$ cat final16.tsv   # TSV, C-alpha atoms
chain	number	residue	atom	x	y	z
L	6	MET	CA	-32.90	-15.28	0.79
L	7	PRO	CA	-34.00	-18.53	2.34
L	8	GLU	CA	-31.65	-21.46	1.88
L	9	ASN	CA	-33.30	-24.58	0.46
L	10	GLU	CA	-32.42	-27.86	2.16
L	11	LEU	CA	-33.81	-31.36	1.91
L	12	SER	CA	-35.47	-33.37	4.60
L	13	ASN	CA	-35.66	-37.10	4.01
L	14	CYS	CA	-37.06	-40.32	5.30
L	15	VAL	CA	-34.23	-42.52	4.14
L	16	ARG	CA	-33.81	-44.04	7.57
L	17	ARG	CA	-37.48	-44.98	7.81
L	18	LEU	CA	-37.44	-46.42	4.29
L	19	ARG	CA	-34.41	-48.51	5.16
L	20	PHE	CA	-36.15	-50.06	8.12
L	21	GLU	CA	-39.29	-50.65	6.08
L	22	HIS	CA	-37.29	-52.53	3.45
L	23	GLY	CA	-36.09	-55.47	5.46
L	24	GLN	CA	-33.98	-53.57	7.99
L	25	MET	CA	-31.52	-52.62	5.27
L	26	THR	CA	-28.19	-51.49	6.68
L	27	GLN	CA	-26.54	-48.20	5.82
L	28	GLN	CA	-23.65	-50.10	4.23
L	29	ASP	CA	-26.04	-52.12	2.09
L	30	LEU	CA	-27.82	-48.99	0.87
L	31	ALA	CA	-24.46	-47.31	0.23
L	32	ASP	CA	-23.31	-50.26	-1.87
L	33	ARG	CA	-26.52	-50.25	-3.89
L	34	VAL	CA	-26.45	-46.53	-4.75
L	35	GLY	CA	-22.68	-46.28	-5.19
L	36	VAL	CA	-21.62	-44.05	-2.30
L	37	THR	CA	-19.84	-44.56	1.00
L	38	ARG	CA	-21.61	-45.42	4.23
L	39	GLN	CA	-20.55	-42.04	5.65
L	40	THR	CA	-22.49	-40.28	2.89
L	41	ILE	CA	-25.64	-42.23	3.76
L	42	ILE	CA	-25.15	-41.28	7.42
L	43	ALA	CA	-24.74	-37.63	6.47
L	44	ILE	CA	-27.88	-37.73	4.29
L	45	GLU	CA	-29.96	-39.29	7.08
L	46	GLN	CA	-28.71	-36.73	9.59
L	47	GLY	CA	-29.55	-33.90	7.20
L	48	LYS	CA	-25.91	-32.81	7.01
L	49	TYR	CA	-25.67	-33.42	3.28
L	50	SER	CA	-28.13	-32.85	0.45
L	51	PRO	CA	-27.46	-35.38	-2.34
L	52	SER	CA	-27.18	-34.58	-6.00
L	53	LEU	CA	-30.19	-35.24	-8.22
L	54	PRO	CA	-28.78	-38.48	-9.74
L	55	LEU	CA	-27.99	-39.81	-6.26
L	56	ALA	CA	-31.43	-38.85	-4.94
L	57	PHE	CA	-33.02	-40.69	-7.89
L	58	ARG	CA	-30.90	-43.79	-7.23
L	59	VAL	CA	-31.92	-43.79	-3.56
L	60	ALA	CA	-35.60	-43.44	-4.43
L	61	LYS	CA	-35.34	-46.16	-7.07
L	62	THR	CA	-33.68	-48.53	-4.58
L	63	PHE	CA	-36.71	-48.23	-2.30
L	64	GLY	CA	-39.19	-48.31	-5.16
L	65	VAL	CA	-40.63	-44.89	-4.32
L	66	THR	CA	-40.73	-41.55	-6.09
L	67	ILE	CA	-38.09	-38.97	-5.34
L	68	GLU	CA	-40.74	-36.76	-3.68
L	69	GLN	CA	-41.56	-39.58	-1.29
L	70	ALA	CA	-37.92	-40.01	-0.32
L	71	PHE	CA	-36.87	-36.34	-0.18
L	72	GLU	CA	-38.77	-33.21	0.62
L	73	PRO	CA	-37.51	-29.67	0.22
L	74	LYS	CA	-37.78	-27.45	3.24
L	75	GLU	CA	-37.04	-23.75	3.38
L	76	VAL	CA	-34.65	-22.55	6.06
L	77	GLU	CA	-34.58	-18.80	6.79
F	4	MET	CA	-14.03	-44.66	8.23
F	5	ASN	CA	-14.09	-44.52	4.48
F	6	ARG	CA	-11.06	-44.40	2.21
F	7	THR	CA	-10.86	-40.59	2.09
F	8	GLN	CA	-11.00	-40.28	5.88
F	9	LYS	CA	-8.35	-42.96	6.32
F	10	GLU	CA	-6.07	-41.30	3.76
F	11	ALA	CA	-6.50	-37.95	5.51
F	12	MET	CA	-5.77	-39.43	8.94
F	13	CYS	CA	-2.68	-41.28	7.74
F	14	SER	CA	-1.42	-38.17	5.92
F	15	LEU	CA	-1.99	-36.07	9.02
F	16	ILE	CA	0.00	-38.47	11.17
F	17	PHE	CA	2.75	-38.89	8.58
F	18	PHE	CA	3.29	-35.18	7.93
F	19	THR	CA	3.04	-34.22	11.60
F	20	VAL	CA	5.66	-36.84	12.49
F	21	THR	CA	7.86	-35.60	9.63
F	22	LEU	CA	7.55	-31.99	10.78
F	23	VAL	CA	8.37	-32.92	14.38
F	24	PHE	CA	11.46	-34.85	13.26
F	25	VAL	CA	12.64	-32.02	11.00
F	26	VAL	CA	12.32	-29.56	13.88
F	27	LEU	CA	14.19	-31.97	16.20
F	28	ILE	CA	17.02	-32.47	13.70
F	29	LEU	CA	17.35	-28.75	13.08
F	30	ALA	CA	17.32	-28.00	16.81
F	31	ALA	CA	19.93	-30.68	17.45
F	32	ARG	CA	22.15	-29.47	14.62
F	33	LEU	CA	21.80	-25.70	14.89
F	34	ILE	CA	21.15	-25.05	18.58
F	35	PHE	CA	22.80	-27.90	20.45
F	36	LYS	CA	25.48	-28.62	17.79
F	37	LYS	CA	24.93	-32.38	18.10
F	38	ASP	CA	25.49	-35.10	15.52
F	39	VAL	CA	22.19	-35.91	13.79
F	40	VAL	CA	23.04	-39.15	11.97
F	41	TYR	CA	21.20	-41.43	14.40
F	42	ILE	CA	18.20	-39.15	14.66
F	43	THR	CA	18.01	-39.08	10.86
F	44	TYR	CA	18.13	-42.88	10.59
F	45	PHE	CA	15.49	-43.19	13.32
F	46	MET	CA	13.30	-40.67	11.51
F	47	LEU	CA	13.61	-42.50	8.19
F	48	ALA	CA	12.83	-45.85	9.83
F	49	THR	CA	9.79	-44.41	11.63
F	50	ILE	CA	8.50	-42.81	8.44
F	51	ALA	CA	8.97	-46.04	6.47
F	52	ILE	CA	7.13	-48.12	9.08
F	53	THR	CA	4.25	-45.64	9.43
F	54	ASN	CA	3.95	-45.50	5.64
F	55	VAL	CA	3.62	-49.27	5.32
F	56	LEU	CA	1.15	-49.56	8.21
F	57	GLY	CA	-0.82	-46.60	6.88
F	58	LEU	CA	-1.02	-48.10	3.41
F	59	LEU	CA	-2.33	-51.41	4.76
F	60	TYR	CA	-4.91	-49.57	6.84
F	61	VAL	CA	-6.07	-47.38	3.93
F	62	LEU	CA	-6.42	-50.27	1.50
F	63	ARG	CA	-8.62	-52.29	3.87
F	64	LYS	CA	-12.25	-51.91	2.72
F	65	GLN	CA	-15.37	-51.41	4.81
F	66	SER	CA	-17.22	-53.74	2.46
F	67	PRO	CA	-16.33	-55.64	-0.78
F	68	ARG	CA	-18.37	-53.19	-2.86
F	69	GLU	CA	-17.17	-50.02	-1.15
F	70	VAL	CA	-16.56	-47.15	-3.56
F	71	ILE	CA	-13.20	-45.43	-3.32
F	72	THR	CA	-14.65	-41.92	-3.57
F	73	ASP	CA	-18.12	-40.47	-4.03
F	74	GLU	CA	-19.67	-37.04	-4.69
F	75	ARG	CA	-19.47	-35.95	-1.05
F	76	ASP	CA	-15.79	-36.93	-0.88
F	77	LYS	CA	-15.07	-34.75	-3.93
F	78	LEU	CA	-16.89	-31.82	-2.36
F	79	ILE	CA	-14.99	-32.19	0.92
F	80	LYS	CA	-11.64	-32.53	-0.87
F	81	LEU	CA	-12.34	-29.37	-2.84
F	82	LYS	CA	-13.10	-27.39	0.32
F	83	ALA	CA	-10.02	-28.83	2.05
F	84	LEU	CA	-7.89	-27.88	-0.95
F	85	PHE	CA	-9.13	-24.31	-0.67
F	86	ALA	CA	-8.27	-24.26	3.05
F	87	SER	CA	-4.80	-25.59	2.24
F	88	PHE	CA	-4.29	-22.91	-0.44
F	89	VAL	CA	-5.30	-20.17	2.01
F	90	SER	CA	-2.87	-21.57	4.61
F	91	VAL	CA	-0.03	-21.46	2.03
F	92	MET	CA	-0.79	-17.82	1.24
F	93	ILE	CA	-0.93	-16.85	4.91
F	94	SER	CA	2.28	-18.80	5.70
F	95	LEU	CA	4.15	-17.19	2.81
F	96	ALA	CA	3.01	-13.72	3.83
F	97	ALA	CA	3.99	-14.36	7.46
F	98	MET	CA	7.42	-15.69	6.43
F	99	LEU	CA	8.11	-12.71	4.16
F	100	VAL	CA	7.10	-10.20	6.80
F	101	THR	CA	9.23	-11.99	9.41
F	102	LEU	CA	12.25	-12.06	7.11
F	103	LYS	CA	11.82	-8.38	6.30
F	104	VAL	CA	11.74	-7.56	10.00
F	105	ILE	CA	14.77	-9.75	10.83
F	106	VAL	CA	17.16	-9.19	7.91
F	107	GLY	CA	15.75	-5.94	6.58
F	108	ILE	CA	14.63	-5.09	3.08
F	109	GLU	CA	18.21	-5.01	1.72
F	110	GLY	CA	19.33	-8.12	3.61
F	111	SER	CA	19.98	-11.60	2.21
F	112	ILE	CA	19.40	-15.16	3.33
F	113	GLY	CA	21.09	-18.43	2.44
F	114	VAL	CA	19.62	-20.69	-0.20
F	115	TRP	CA	19.28	-23.46	2.40
F	116	LEU	CA	16.90	-21.26	4.40
F	117	LEU	CA	14.69	-20.67	1.39
F	118	THR	CA	14.57	-24.42	0.77
F	119	LEU	CA	13.69	-25.02	4.40
F	120	ILE	CA	10.93	-22.40	4.31
F	121	LEU	CA	9.36	-23.95	1.21
F	122	PHE	CA	9.64	-27.43	2.72
F	123	VAL	CA	7.95	-26.39	5.97
F	124	ILE	CA	5.18	-24.52	4.13
F	125	SER	CA	4.53	-27.60	1.97
F	126	ILE	CA	4.25	-29.84	5.00
F	127	ALA	CA	2.02	-27.32	6.76
F	128	ALA	CA	-0.24	-27.19	3.69
F	129	ALA	CA	-0.51	-30.98	3.69
F	130	ILE	CA	-1.34	-30.99	7.41
F	131	VAL	CA	-4.01	-28.31	6.93
F	132	TYR	CA	-5.51	-30.27	4.01
F	133	SER	CA	-5.70	-33.51	5.99
F	134	ALA	CA	-7.08	-31.81	9.09
F	135	ALA	CA	-9.67	-29.95	7.00
F	136	VAL	CA	-10.87	-33.21	5.44
F	137	LEU	CA	-11.33	-34.80	8.86
F	138	ILE	CA	-13.06	-31.73	10.33
F	139	LEU	CA	-15.41	-31.40	7.36
F	140	TYR	CA	-16.40	-35.04	7.72
F	141	LEU	CA	-17.23	-34.46	11.37
F	142	PHE	CA	-18.90	-31.08	11.31
F	143	GLY	CA	-19.35	-30.03	7.72
F	144	LYS	CA	-22.68	-29.51	6.02
F	145	GLY	CA	-22.92	-29.63	2.27
F	146	HIS	CA	-24.99	-29.66	-0.86
F	147	ALA	CA	-23.97	-31.56	-3.93
F	148	GLY	CA	-22.26	-29.17	-6.31
F	149	LYS	CA	-21.48	-26.55	-3.61

$ encode --input "final16.tsv" --output "structure tokens"
Amino acid sequence: MPENELSNCVRRLRFEHGQMTQQDLADRVGVTRQTIIAIEQGKYSPSLPLAFRVAKTFGVTIEQAFEPKEVE
Amino acid sequence: MNRTQKEAMCSLIFFTVTLVFVVLILAARLIFKKDVVYITYFMLATIAITNVLGLLYVLRKQSPREVITDERDKLIKLKALFASFVSVMISLAAMLVTLKVIVGIEGSIGVWLLTLILFVISIAAAIVYSAAVLILYLFGKGHAGK
């Protein structure tokens, strides 16, 4: 059964929103900087509430911030 | 490093130092028949100093609004706890088998040895937990809720 993972463009969105730092984004969504790093590197798939908070911070929909990809 | 990583690193250092000192004291007392008073005082002083320094390091924040723990921290701690539990089970099994081989099934051991075994297993579990947290931060992949 394929394992579903998320790809994201959090890093690109950060740079597009005034070169926001990872720490700044982490403070805004209520997680640690290490979690933001892990999300950007694809090592960690966030929970739904966290994904919504990230999308809301950038003023985009959750589909624009995260995209599911199937991994065999 | 975030708070969880710092706590894990400080715990790892603290418990490893404690284990080394316990082994040194036991070796000095049981094998070389030396007086261990000074080693014990040195150990206690070292542990006290590392505790204070560790606490100051852990409490220092990356940013004023840094959260103490988040969802990924909880996931990593849960996995590390499982690893620690498995290490306790394996250690206990290994100790029991070793004792059975050495003293035999009808043999007996002193109460002090049982205390020592439990103490060493506890410290080993703490070391495994701390190491697992640090390793999972470096190499672990995760999904929220898994």

$ interface_residues --input "final16.tsv" --of "chain L" --to "chain F" --cutoff "9 Å" --atoms "only C-alpha atoms" --output "ChimeraX atom specification"
/L:10,28-29,31-33,35-40,43,47-53,55

$ atom_distance --input "final16.tsv" --atom1 "atom CA of L:Phe63" --atom2 "atom CA of F:Arg63"
29.0 Å

$ closest_residue --input "final16.tsv" --among "L:Phe71, L:Ile44, L:Pro54, L:Thr66" --to "L:Gln27" --atoms "only C-alpha atoms"
L:Ile44

$ residues_around --input "final16.tsv" --residues "F:Ser87" --least-positions-apart "5" --cutoff "10 Å" --atoms "all atoms listed in the file" --output "count of residues only"
14

$ residues_around --input "final16.tsv" --residues "stretch 51-56 of chain F" --least-positions-apart "2" --cutoff "10 Å" --atoms "all atoms listed in the file" --output "list in words"
Cys13, Ser14, Ile16, Phe17, Val20, Phe45, Met46, Leu47, Ala48, Thr49, Leu58, Leu59, Tyr60 and Val61 of chain F

$ atom_distance --input "final16.tsv" --atom1 "atom CA of F:Ile79" --atom2 "atom CA of F:Val136"
6.2 Å

$ closest_residue --input "final16.tsv" --among "F:Ile126, F:Ile28, F:Leu117, F:Val89" --to "F:Leu102" --atoms "only C-alpha atoms"
F:Leu117

$ residues_near_point --input "final16.tsv" --point "(-35.8, -36.6, -7.8)" --cutoff "7 Å" --atoms "only C-alpha atoms" --output "NGL selection string"
:L and (53 or 56-57 or 67-68)

$ write_last_selection --input "final16.tsv" --atoms "C-alpha atoms" --output "short mmCIF file (atom, residue, chain, number, x, y, z; two decimals), in the coordinates of the input"
data_model
loop_
_atom_site.label_atom_id
_atom_site.label_comp_id
_atom_site.auth_asym_id
_atom_site.auth_seq_id
_atom_site.Cartn_x
_atom_site.Cartn_y
_atom_site.Cartn_z
CA LEU L 53 -30.19 -35.24 -8.22
CA ALA L 56 -31.43 -38.85 -4.94
CA PHE L 57 -33.02 -40.69 -7.89
CA ILE L 67 -38.09 -38.97 -5.34
CA GLU L 68 -40.74 -36.76 -3.68
#

$ atom_distance --input "final16.tsv" --atom1 "atom CA of F:Ala97" --atom2 "atom CA of F:Ile120"
11.1 Å

$ residues_around --input "final16.tsv" --residues "L:Gln69" --least-positions-apart "2" --cutoff "12 Å" --atoms "all atoms listed in the file" --output "PyMOL selection string"
chain L and resi 11-15+17-18+56-57+59-61+63-67+71-73
